[in-house]
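Q: Structure file my_file.cif (mmCIF, C-alpha atoms and all ligand atoms) is given on the next line.
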```
data_run
loop_
_atom_site.group_PDB
_atom_site.id
_atom_site.type_symbol
_atom_site.label_atom_id
_atom_site.label_comp_id
_atom_site.auth_asym_id
_atom_site.auth_seq_id
_atom_site.Cartn_x
_atom_site.Cartn_y
_atom_site.Cartn_z
ATOM 1 C CA MET H 141 135.560 57.354 78.715
ATOM 2 C CA LYS H 142 137.256 54.112 77.782
ATOM 3 C CA ILE H 143 136.873 50.489 78.803
ATOM 4 C CA ILE H 144 140.141 48.548 78.704
ATOM 5 C CA PHE H 145 139.731 44.787 78.941
ATOM 6 C CA LEU H 146 142.434 43.079 81.019
ATOM 7 C CA GLY H 147 140.799 39.676 80.641
ATOM 8 C CA THR H 148 137.722 38.303 78.909
ATOM 9 C CA GLY H 149 137.716 34.572 79.784
ATOM 10 C CA GLY H 150 135.788 32.404 82.231
ATOM 11 C CA ALA H 151 137.219 30.467 85.163
ATOM 12 C CA VAL H 152 139.818 28.689 83.013
ATOM 13 C CA PRO H 153 142.370 31.048 81.438
ATOM 14 C CA THR H 154 143.835 30.140 78.052
ATOM 15 C CA ALA H 155 146.903 31.344 76.141
ATOM 16 C CA THR H 156 144.944 34.305 74.806
ATOM 17 C CA ARG H 157 142.260 35.006 77.445
ATOM 18 C CA ASP H 158 142.781 35.572 81.139
ATOM 19 C CA ASN H 159 139.895 35.620 83.660
ATOM 20 C CA THR H 160 137.539 38.562 83.217
ATOM 21 C CA SER H 161 138.445 42.018 84.491
ATOM 22 C CA PHE H 162 138.559 45.505 83.035
ATOM 23 C CA LEU H 163 139.463 49.129 83.655
ATOM 24 C CA LEU H 164 137.273 52.163 83.215
ATOM 25 C CA GLU H 165 139.375 55.135 82.239
ATOM 26 C CA SER H 166 138.296 58.734 82.595
ATOM 27 C CA GLY H 167 141.008 61.370 82.345
ATOM 28 C CA ALA H 168 143.896 60.188 84.536
ATOM 29 C CA ASP H 169 141.619 57.999 86.680
ATOM 30 C CA LEU H 170 141.460 54.240 86.345
ATOM 31 C CA TRP H 171 138.760 52.206 88.062
ATOM 32 C CA LEU H 172 139.473 48.487 88.282
ATOM 33 C CA VAL H 173 136.552 46.079 88.011
ATOM 34 C CA ASP H 174 137.342 42.537 89.244
ATOM 35 C CA GLY H 175 140.851 41.480 90.080
ATOM 36 C CA PRO H 176 142.262 38.177 88.767
ATOM 37 C CA GLY H 177 145.772 37.497 87.495
ATOM 38 C CA SER H 178 148.804 39.743 87.535
ATOM 39 C CA LEU H 179 146.953 43.057 87.580
ATOM 40 C CA THR H 180 150.107 45.156 87.844
ATOM 41 C CA GLN H 181 151.678 43.539 84.794
ATOM 42 C CA LYS H 182 148.456 43.699 82.777
ATOM 43 C CA ILE H 183 147.885 47.380 83.571
ATOM 44 C CA PHE H 184 151.446 48.166 82.438
ATOM 45 C CA ARG H 185 150.910 46.043 79.339
ATOM 46 C CA ALA H 186 147.796 48.100 78.582
ATOM 47 C CA GLY H 187 150.031 51.196 78.616
ATOM 48 C CA ARG H 188 148.727 52.552 81.921
ATOM 49 C CA ARG H 189 150.214 52.649 85.438
ATOM 50 C CA PRO H 190 148.852 50.677 88.410
ATOM 51 C CA GLN H 191 149.314 53.803 90.522
ATOM 52 C CA GLN H 192 146.481 55.390 88.506
ATOM 53 C CA VAL H 193 143.902 52.977 89.973
ATOM 54 C CA SER H 194 141.669 55.054 92.234
ATOM 55 C CA ALA H 195 138.896 52.573 93.082
ATOM 56 C CA VAL H 196 138.452 48.788 92.949
ATOM 57 C CA PHE H 197 135.156 46.928 92.459
ATOM 58 C CA ILE H 198 134.814 43.165 93.029
ATOM 59 C CA SER H 199 131.644 41.474 91.758
ATOM 60 C CA HIS H 200 131.701 38.285 93.893
ATOM 61 C CA VAL H 201 133.937 35.905 95.802
ATOM 62 C CA HIS H 202 134.859 33.349 93.142
ATOM 63 C CA ALA H 203 138.615 33.006 92.733
ATOM 64 C CA ASP H 204 138.655 33.961 89.034
ATOM 65 C CA HIS H 205 137.375 37.448 89.990
ATOM 66 C CA LEU H 206 139.673 38.398 92.869
ATOM 67 C CA TYR H 207 142.717 36.201 93.401
ATOM 68 C CA GLY H 208 145.080 38.878 92.014
ATOM 69 C CA LEU H 209 144.337 41.396 94.796
ATOM 70 C CA PRO H 210 147.034 40.353 97.323
ATOM 71 C CA ALA H 211 149.776 40.426 94.678
ATOM 72 C CA PHE H 212 148.489 43.788 93.424
ATOM 73 C CA ILE H 213 148.774 45.315 96.922
ATOM 74 C CA HIS H 214 152.144 43.627 97.480
ATOM 75 C CA SER H 215 153.530 45.080 94.250
ATOM 76 C CA LEU H 216 152.444 48.592 95.317
ATOM 77 C CA MET H 217 153.389 48.278 99.008
ATOM 78 C CA LEU H 218 155.761 51.255 98.889
ATOM 79 C CA GLU H 219 153.177 53.578 97.303
ATOM 80 C CA GLU H 220 151.467 55.612 100.004
ATOM 81 C CA LYS H 221 147.900 55.515 98.777
ATOM 82 C CA THR H 222 144.453 54.494 100.042
ATOM 83 C CA VAL H 223 142.055 53.175 97.452
ATOM 84 C CA PRO H 224 138.407 52.287 98.170
ATOM 85 C CA LEU H 225 137.387 48.666 97.657
ATOM 86 C CA TYR H 226 133.719 48.161 96.730
ATOM 87 C CA GLY H 227 131.594 45.010 96.723
ATOM 88 C CA SER H 228 128.849 43.348 98.735
ATOM 89 C CA ALA H 229 129.513 42.980 102.480
ATOM 90 C CA GLU H 230 130.237 39.286 101.910
ATOM 91 C CA THR H 231 132.719 40.057 99.133
ATOM 92 C CA ILE H 232 134.492 42.753 101.141
ATOM 93 C CA ASP H 233 134.804 40.452 104.143
ATOM 94 C CA PHE H 234 136.240 37.710 101.924
ATOM 95 C CA CYS H 235 138.738 40.071 100.266
ATOM 96 C CA LEU H 236 139.948 41.352 103.642
ATOM 97 C CA ARG H 237 140.484 37.819 104.906
ATOM 98 C CA LEU H 238 142.469 37.019 101.755
ATOM 99 C CA ILE H 239 144.558 40.190 102.113
ATOM 100 C CA ASP H 240 145.150 39.457 105.815
ATOM 101 C CA LEU H 241 146.320 35.945 105.016
ATOM 102 C CA PHE H 242 149.334 37.617 103.398
ATOM 103 C CA GLY H 243 149.720 40.208 106.169
ATOM 104 C CA LEU H 244 149.071 43.020 103.714
ATOM 105 C CA ARG H 245 147.347 45.391 106.139
ATOM 106 C CA ARG H 246 150.381 45.834 108.389
ATOM 107 C CA GLU H 247 151.812 49.276 109.036
ATOM 108 C CA LYS H 248 154.770 48.916 106.692
ATOM 109 C CA ILE H 249 152.409 48.292 103.764
ATOM 110 C CA LEU H 250 151.734 51.831 102.556
ATOM 111 C CA TYR H 251 149.223 50.862 99.850
ATOM 112 C CA ARG H 252 145.789 50.253 101.326
ATOM 113 C CA LEU H 253 142.446 49.050 100.048
ATOM 114 C CA GLU H 254 139.786 50.668 102.210
ATOM 115 C CA PRO H 255 136.656 48.498 102.643
ATOM 116 C CA ARG H 256 133.447 50.066 101.305
ATOM 117 C CA PRO H 257 130.621 47.518 101.417
ATOM 118 C CA ILE H 258 127.726 48.362 99.097
ATOM 119 C CA LEU H 259 124.142 47.986 100.216
ATOM 120 C CA PRO H 260 122.181 46.564 97.300
ATOM 121 C CA GLY H 261 120.279 49.210 95.374
ATOM 122 C CA ARG H 262 121.907 52.204 97.053
ATOM 123 C CA ARG H 263 123.757 54.628 94.794
ATOM 124 C CA ILE H 264 127.157 55.651 96.181
ATOM 125 C CA GLU H 265 129.302 58.606 95.152
ATOM 126 C CA VAL H 266 132.779 57.106 94.679
ATOM 127 C CA SER H 267 134.400 60.391 93.648
ATOM 128 C CA PRO H 268 133.125 63.585 91.995
ATOM 129 C CA GLY H 269 133.410 61.806 88.623
ATOM 130 C CA LEU H 270 131.946 58.410 89.477
ATOM 131 C CA ALA H 271 128.949 56.811 91.178
ATOM 132 C CA VAL H 272 128.225 53.118 91.671
ATOM 133 C CA THR H 273 125.089 51.136 92.416
ATOM 134 C CA GLY H 274 125.242 47.443 93.306
ATOM 135 C CA PHE H 275 122.452 45.199 92.068
ATOM 136 C CA PRO H 276 122.123 41.592 93.342
ATOM 137 C CA VAL H 277 122.245 38.849 90.689
ATOM 138 C CA PRO H 278 121.498 35.151 91.235
ATOM 139 C CA HIS H 279 124.980 33.627 90.716
ATOM 140 C CA HIS H 280 126.275 33.538 94.319
ATOM 141 C CA SER H 281 125.107 35.013 97.632
ATOM 142 C CA SER H 282 127.954 37.567 97.379
ATOM 143 C CA SER H 283 127.190 38.605 93.772
ATOM 144 C CA LEU H 284 126.516 42.179 92.737
ATOM 145 C CA ALA H 285 126.192 43.583 89.244
ATOM 146 C CA PHE H 286 127.513 47.143 89.066
ATOM 147 C CA ILE H 287 126.039 50.245 87.504
ATOM 148 C CA LEU H 288 128.956 52.637 87.033
ATOM 149 C CA GLU H 289 128.050 56.210 86.144
ATOM 150 C CA THR H 290 130.266 59.088 85.083
ATOM 151 C CA PRO H 291 129.181 62.379 83.486
ATOM 152 C CA GLU H 292 130.187 60.826 80.150
ATOM 153 C CA ALA H 293 128.597 57.394 80.256
ATOM 154 C CA ARG H 294 126.690 54.762 82.188
ATOM 155 C CA VAL H 295 128.117 51.234 82.142
ATOM 156 C CA VAL H 296 126.397 48.141 83.532
ATOM 157 C CA TYR H 297 128.504 45.075 84.364
ATOM 158 C CA SER H 298 126.634 41.875 85.201
ATOM 159 C CA GLY H 299 129.530 39.948 86.729
ATOM 160 C CA ASP H 300 128.804 36.233 86.521
ATOM 161 C CA THR H 301 125.091 35.547 86.291
ATOM 162 C CA PRO H 302 122.377 33.591 84.569
ATOM 163 C CA LEU H 303 120.010 35.897 82.686
ATOM 164 C CA HIS H 304 118.225 38.120 85.151
ATOM 165 C CA ARG H 305 115.463 40.217 83.562
ATOM 166 C CA PRO H 306 115.471 42.994 86.205
ATOM 167 C CA LEU H 307 119.147 43.642 85.437
ATOM 168 C CA LEU H 308 118.494 43.747 81.695
ATOM 169 C CA GLU H 309 115.678 46.230 82.262
ATOM 170 C CA LEU H 310 117.982 48.369 84.347
ATOM 171 C CA ALA H 311 120.609 48.269 81.593
ATOM 172 C CA ALA H 312 118.156 49.405 78.902
ATOM 173 C CA GLY H 313 119.013 53.075 79.272
ATOM 174 C CA ALA H 314 122.764 52.528 79.760
ATOM 175 C CA ASP H 315 125.450 53.282 77.192
ATOM 176 C CA CYS H 316 126.881 49.795 77.510
ATOM 177 C CA LEU H 317 126.074 46.409 79.039
ATOM 178 C CA ILE H 318 129.014 44.093 79.739
ATOM 179 C CA HIS H 319 127.373 40.721 80.356
ATOM 180 C CA ASP H 320 128.305 37.149 81.180
ATOM 181 C CA CYS H 321 128.192 35.142 77.946
ATOM 182 C CA SER H 322 130.046 32.022 78.957
ATOM 183 C CA THR H 323 129.187 29.702 76.036
ATOM 184 C CA PRO H 324 126.955 29.174 73.018
ATOM 185 C CA SER H 325 123.685 27.432 73.883
ATOM 186 C CA ARG H 326 124.756 23.998 72.583
ATOM 187 C CA PHE H 327 126.822 23.433 75.759
ATOM 188 C CA LEU H 328 123.779 23.624 78.046
ATOM 189 C CA GLU H 329 123.003 19.938 77.751
ATOM 190 C CA ALA H 330 126.527 18.726 78.498
ATOM 191 C CA LEU H 331 127.106 21.272 81.275
ATOM 192 C CA PRO H 332 123.748 21.709 83.093
ATOM 193 C CA PHE H 333 125.271 24.019 85.760
ATOM 194 C CA LEU H 334 125.618 26.659 83.052
ATOM 195 C CA ARG H 335 121.906 27.404 83.157
ATOM 196 C CA SER H 336 121.815 28.194 86.866
ATOM 197 C CA LEU H 337 125.124 30.090 87.053
ATOM 198 C CA HIS H 338 125.910 31.683 83.683
ATOM 199 C CA SER H 339 124.416 33.045 80.468
ATOM 200 C CA ASN H 340 124.651 31.714 76.927
ATOM 201 C CA SER H 341 124.788 33.673 73.703
ATOM 202 C CA LEU H 342 121.401 32.567 72.318
ATOM 203 C CA GLU H 343 119.438 33.690 75.379
ATOM 204 C CA LEU H 344 121.566 36.785 75.920
ATOM 205 C CA GLY H 345 120.823 37.933 72.374
ATOM 206 C CA GLN H 346 117.087 37.434 72.911
ATOM 207 C CA ALA H 347 117.101 39.247 76.241
ATOM 208 C CA ALA H 348 119.210 42.124 74.877
ATOM 209 C CA ARG H 349 116.754 42.610 72.014
ATOM 210 C CA GLU H 350 113.727 42.553 74.331
ATOM 211 C CA ALA H 351 115.340 45.049 76.714
ATOM 212 C CA GLY H 352 116.509 47.344 73.916
ATOM 213 C CA ILE H 353 120.179 47.292 74.963
ATOM 214 C CA ARG H 354 122.150 49.989 73.089
ATOM 215 C CA LEU H 355 125.604 48.401 73.144
ATOM 216 C CA LEU H 356 126.091 44.794 74.170
ATOM 217 C CA VAL H 357 129.506 43.511 75.245
ATOM 218 C CA PRO H 358 129.412 39.759 75.871
ATOM 219 C CA CYS H 359 132.266 38.597 78.107
ATOM 220 C CA HIS H 360 133.535 35.804 80.452
ATOM 221 C CA PHE H 361 133.927 33.332 77.568
ATOM 222 C CA PHE H 362 134.691 29.725 78.519
ATOM 223 C CA SER H 363 137.395 29.740 75.878
ATOM 224 C CA ASP H 364 138.832 26.424 77.065
ATOM 225 C CA LEU H 365 135.769 24.854 75.397
ATOM 226 C CA ASP H 366 135.636 24.293 71.677
ATOM 227 C CA PHE H 367 133.744 27.255 70.200
ATOM 228 C CA SER H 368 134.623 30.441 68.365
ATOM 229 C CA LEU H 369 133.499 34.018 68.886
ATOM 230 C CA GLU H 370 131.870 33.794 65.442
ATOM 231 C CA GLU H 371 129.515 31.211 66.929
ATOM 232 C CA ILE H 372 128.775 33.523 69.879
ATOM 233 C CA GLU H 373 128.154 36.408 67.482
ATOM 234 C CA ALA H 374 125.916 34.348 65.189
ATOM 235 C CA GLU H 375 123.733 33.231 68.117
ATOM 236 C CA ILE H 376 123.401 36.760 69.488
ATOM 237 C CA ARG H 377 122.583 38.076 66.014
ATOM 238 C CA LYS H 378 119.655 35.658 65.683
ATOM 239 C CA SER H 379 117.771 38.189 67.812
ATOM 240 C CA TYR H 380 119.802 41.255 68.695
ATOM 241 C CA GLN H 381 120.531 43.821 65.979
ATOM 242 C CA GLY H 382 121.958 46.636 68.115
ATOM 243 C CA ARG H 383 125.627 47.537 68.563
ATOM 244 C CA LEU H 384 127.782 44.577 69.530
ATOM 245 C CA PHE H 385 131.392 44.581 70.730
ATOM 246 C CA LEU H 386 133.177 41.248 71.171
ATOM 247 C CA PRO H 387 136.178 42.001 73.375
ATOM 248 C CA ALA H 388 139.605 40.383 73.307
ATOM 249 C CA ASP H 389 142.136 40.766 76.119
ATOM 250 C CA PHE H 390 143.598 44.282 75.885
ATOM 251 C CA SER H 391 140.984 45.554 73.471
ATOM 252 C CA GLU H 392 139.687 49.044 74.227
ATOM 253 C CA LEU H 393 136.197 50.430 73.794
ATOM 254 C CA GLU H 394 135.459 54.153 73.626
ATOM 255 C CA LEU H 395 132.175 55.396 75.151
ATOM 256 C CA PRO H 396 129.614 56.752 74.555
HETATM 257 ZN ZN ZN O 1 133.758 33.871 86.771
HETATM 258 ZN ZN ZN O 2 131.526 33.187 89.544
#
```
Produce structure tokens that represent the structure in this file.
Ligand SMILES: [Zn+2]
Ligand SMILES: [Zn+2]

A:
Amino acid sequence: MKIIFLGTGGAVPTATRDNTSFLLESGADLWLVDGPGSLTQKIFRAGRRPQQVSAVFISHVHADHLYGLPAFIHSLMLEEKTVPLYGSAETIDFCLRLIDLFGLRREKILYRLEPRPILPGRRIEVSPGLAVTGFPVPHHSSSLAFILETPEARVVYSGDTPLHRPLLELAAGADCLIHDCSTPSRFLEALPFLRSLHSNSLELGQAAREAGIRLLVPCHFFSDLDFSLEEIEAEIRKSYQGRLFLPADFSELELP
């Protein structure tokens, strides 16, 4: 199984990092997790085809995680295909309202996202090769972290969130934890909202060590701020000595 990063930035995209989203690839299947930006163009750029996407997962209703969905459907409107759309009930409702604003559920639109709200904590069989469990995290009332399981690997994606110990504990046995790591800790004083909404590299490193995370993938970098990934890495490494992967846009990670 592969993870293909389509974006690794926070709310503000930069020349080199778009808002966070990624693909899980298993065989010919692609599962899209979060949906900002020009998804169709980015999937082509990653050397895959948007028609391969067979499920979509949206972590919460903030614009940087879903605003690309209408354009994605519009670009595939002549493809006759129905793809399940997973998220909390609040997220699904929001996505449908956004899609309807553009009239993208009319009959002549052959590409359809079929709403599949996730009840927190319940494991759902997406397809014979994939199961998902949604786990609430304290970033927004709509927020769910996702546990994505295939026969090959188990991936946990936090979405946006401050550190949430129950999620870290859940991720302890997983092959990979992709976690909000918006800034190094020195920005906490200047930007107090970071503590209640996002995670920083110092605390993420500590929590990952305590939970015994096998492979940590920090993501959702506020790269419009003045820091480097070396600073993120150095802060994480103060505590965490396990496997660490610092993704760039379009980098690929093979699992397990
Ligand atoms: Zn975000
Ligand atoms: Zn958010």

Q: Identify which of the residues H:Gln381, H:Ser391, H:Thr160, H:Ser341 lies closest to ligand ZN 2 (chain O), counting only C-alpha atoms and all ligand atoms when measuring atom-to-atom distances.

A: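 Once distances to ligand ZN 2 (chain O) are computed over only C-alpha atoms and all ligand atoms, the minimum belongs to H:Thr160.
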
Q: Looking at H:Ala151, H:Leu209, H:Val173, H:Leu344, which one is nearest to Val296 of chain H, with distances taken over all atoms listed in the file?

A: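 Nearest candidate to Val296 of chain H out of H:Ala151, H:Leu209, H:Val173, H:Leu344: H:Val173.
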
Q: What does the structure give for the distance between atom CA of Gly352 of chain H and atom CA of Thr301 of chain H, in Å to one decimal?

A: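 Interatomic distance here is 19.1 Å.
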
Q: Would you pick out the contacts of segment 326-336 of chain H at 10 Å or less, using only C-alpha atoms, so that residues sharing its chain but fewer than 5 positions from it are not included, and give the list as a list in words?

A: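 The contact residues come out as Pro278, His279, Thr301, Pro302, Leu303, Ser341, Leu342, Leu365, Asp366 and Phe367 of chain H.
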
Q: Which residues, named as in the file, does the PyMOL selection byres (((not hetatm)) within 12 of (chain O and resi 1)) pick out? Answer as a ChimeraX atom specification.

A: /H:147-153,158-161,174-176,198-207,279-280,283,298-302,319-322,334,337-339,359-362

Q: Find the residues around segment 243-254 of chain H up to 10 Å (all atoms listed in the file counted), leave out those fewer than 5 positions away in its own chain, and share them as a PDB file with C-alpha atoms, in the coordinates of the input.

A:
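Full text of out-v5.pdb as output:
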```
ATOM      1  CA  GLN H 191     149.314  53.803  90.522  1.00  0.00           C
ATOM      2  CA  SER H 194     141.669  55.054  92.234  1.00  0.00           C
ATOM      3  CA  ALA H 195     138.896  52.573  93.082  1.00  0.00           C
ATOM      4  CA  VAL H 196     138.452  48.788  92.949  1.00  0.00           C
ATOM      5  CA  LEU H 209     144.337  41.396  94.796  1.00  0.00           C
ATOM      6  CA  PRO H 210     147.034  40.353  97.323  1.00  0.00           C
ATOM      7  CA  ALA H 211     149.776  40.426  94.678  1.00  0.00           C
ATOM      8  CA  PHE H 212     148.489  43.788  93.424  1.00  0.00           C
ATOM      9  CA  ILE H 213     148.774  45.315  96.922  1.00  0.00           C
ATOM     10  CA  HIS H 214     152.144  43.627  97.480  1.00  0.00           C
ATOM     11  CA  SER H 215     153.530  45.080  94.250  1.00  0.00           C
ATOM     12  CA  LEU H 216     152.444  48.592  95.317  1.00  0.00           C
ATOM     13  CA  MET H 217     153.389  48.278  99.008  1.00  0.00           C
ATOM     14  CA  LEU H 218     155.761  51.255  98.889  1.00  0.00           C
ATOM     15  CA  GLU H 219     153.177  53.578  97.303  1.00  0.00           C
ATOM     16  CA  GLU H 220     151.467  55.612 100.004  1.00  0.00           C
ATOM     17  CA  LYS H 221     147.900  55.515  98.777  1.00  0.00           C
ATOM     18  CA  THR H 222     144.453  54.494 100.042  1.00  0.00           C
ATOM     19  CA  VAL H 223     142.055  53.175  97.452  1.00  0.00           C
ATOM     20  CA  PRO H 224     138.407  52.287  98.170  1.00  0.00           C
ATOM     21  CA  LEU H 225     137.387  48.666  97.657  1.00  0.00           C
ATOM     22  CA  TYR H 226     133.719  48.161  96.730  1.00  0.00           C
ATOM     23  CA  ILE H 232     134.492  42.753 101.141  1.00  0.00           C
ATOM     24  CA  CYS H 235     138.738  40.071 100.266  1.00  0.00           C
ATOM     25  CA  LEU H 236     139.948  41.352 103.642  1.00  0.00           C
ATOM     26  CA  ARG H 237     140.484  37.819 104.906  1.00  0.00           C
ATOM     27  CA  LEU H 238     142.469  37.019 101.755  1.00  0.00           C
TER      28      LEU H 238
END
```

Q: Which of these, H:Ala348, H:Val277, H:Leu317, H:Leu395, has the shortest distance to ligand ZN 2 (chain O) once you count all atoms listed in the file?

A: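 Ranked by minimum distance to ligand ZN 2 (chain O), first place goes to H:Val277.
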
Q: Once the PyMOL selection byres (((chain H and resi 387) around 8) and not hetatm) is applied to the coordinates I shared, what remains selected? I want it as a list in words.

A: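 Applied to this file, the PyMOL selection byres (((chain H and resi 387) around 8) and not hetatm) returns Phe145, Thr148, Val357, Pro358, Cys359, Phe385, Leu386, Ala388, Asp389, Ser391 and Glu392 of chain H.
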
Q: Which residues, named as in the file, does the PyMOL selection byres (((chain H and resi 374-379) around 8) and not hetatm) pick out? Answer as a list in words.

A: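 This file, filtered by the PyMOL selection byres (((chain H and resi 374-379) around 8) and not hetatm), leaves Pro324, Ser341, Leu342, Glu343, Leu344, Gly345, Gln346, Arg349, Glu370, Glu371, Ile372, Glu373, Tyr380 and Gln381 of chain H.
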
Q: When you draw a straight line from atom CA of Arg354 of chain H to atom CA of Ile144 of chain H, how long is it in Å?

A: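 Between atom CA of Arg354 of chain H and atom CA of Ile144 of chain H the gap works out to 18.9 Å.
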
Q: Quick one: residues within 12 Å of Arg262 of chain H, all atoms listed in the file counted, chain neighbours fewer than 5 positions away excluded, as an NGL selection string?

A: :H and (228 or 257 or 271-276 or 284 or 286-287)

Q: Would you mind listing what lies within 8 Å of Leu164 of chain H as a PyMOL selection string, with all atoms listed in the file counted and same-chain residues fewer than 6 positions away left out?

A: chain H and resi 141-144+170-173

Q: To one decimal place in Å, what is the distance between atom CA of Leu241 of chain H and atom ZN of ligand ZN 2 (chain O)?

A: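 Spanning atom CA of Leu241 of chain H to atom ZN of ligand ZN 2 (chain O) is a straight-line distance of 21.6 Å.
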
Q: Between H:Thr156, H:Ser281, H:Arg263, H:His304, single out the one closest to ligand ZN 2 (chain O), counting only C-alpha atoms and all ligand atoms.

A: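 Answer, going by the shortest atom-to-atom distance: H:Ser281.
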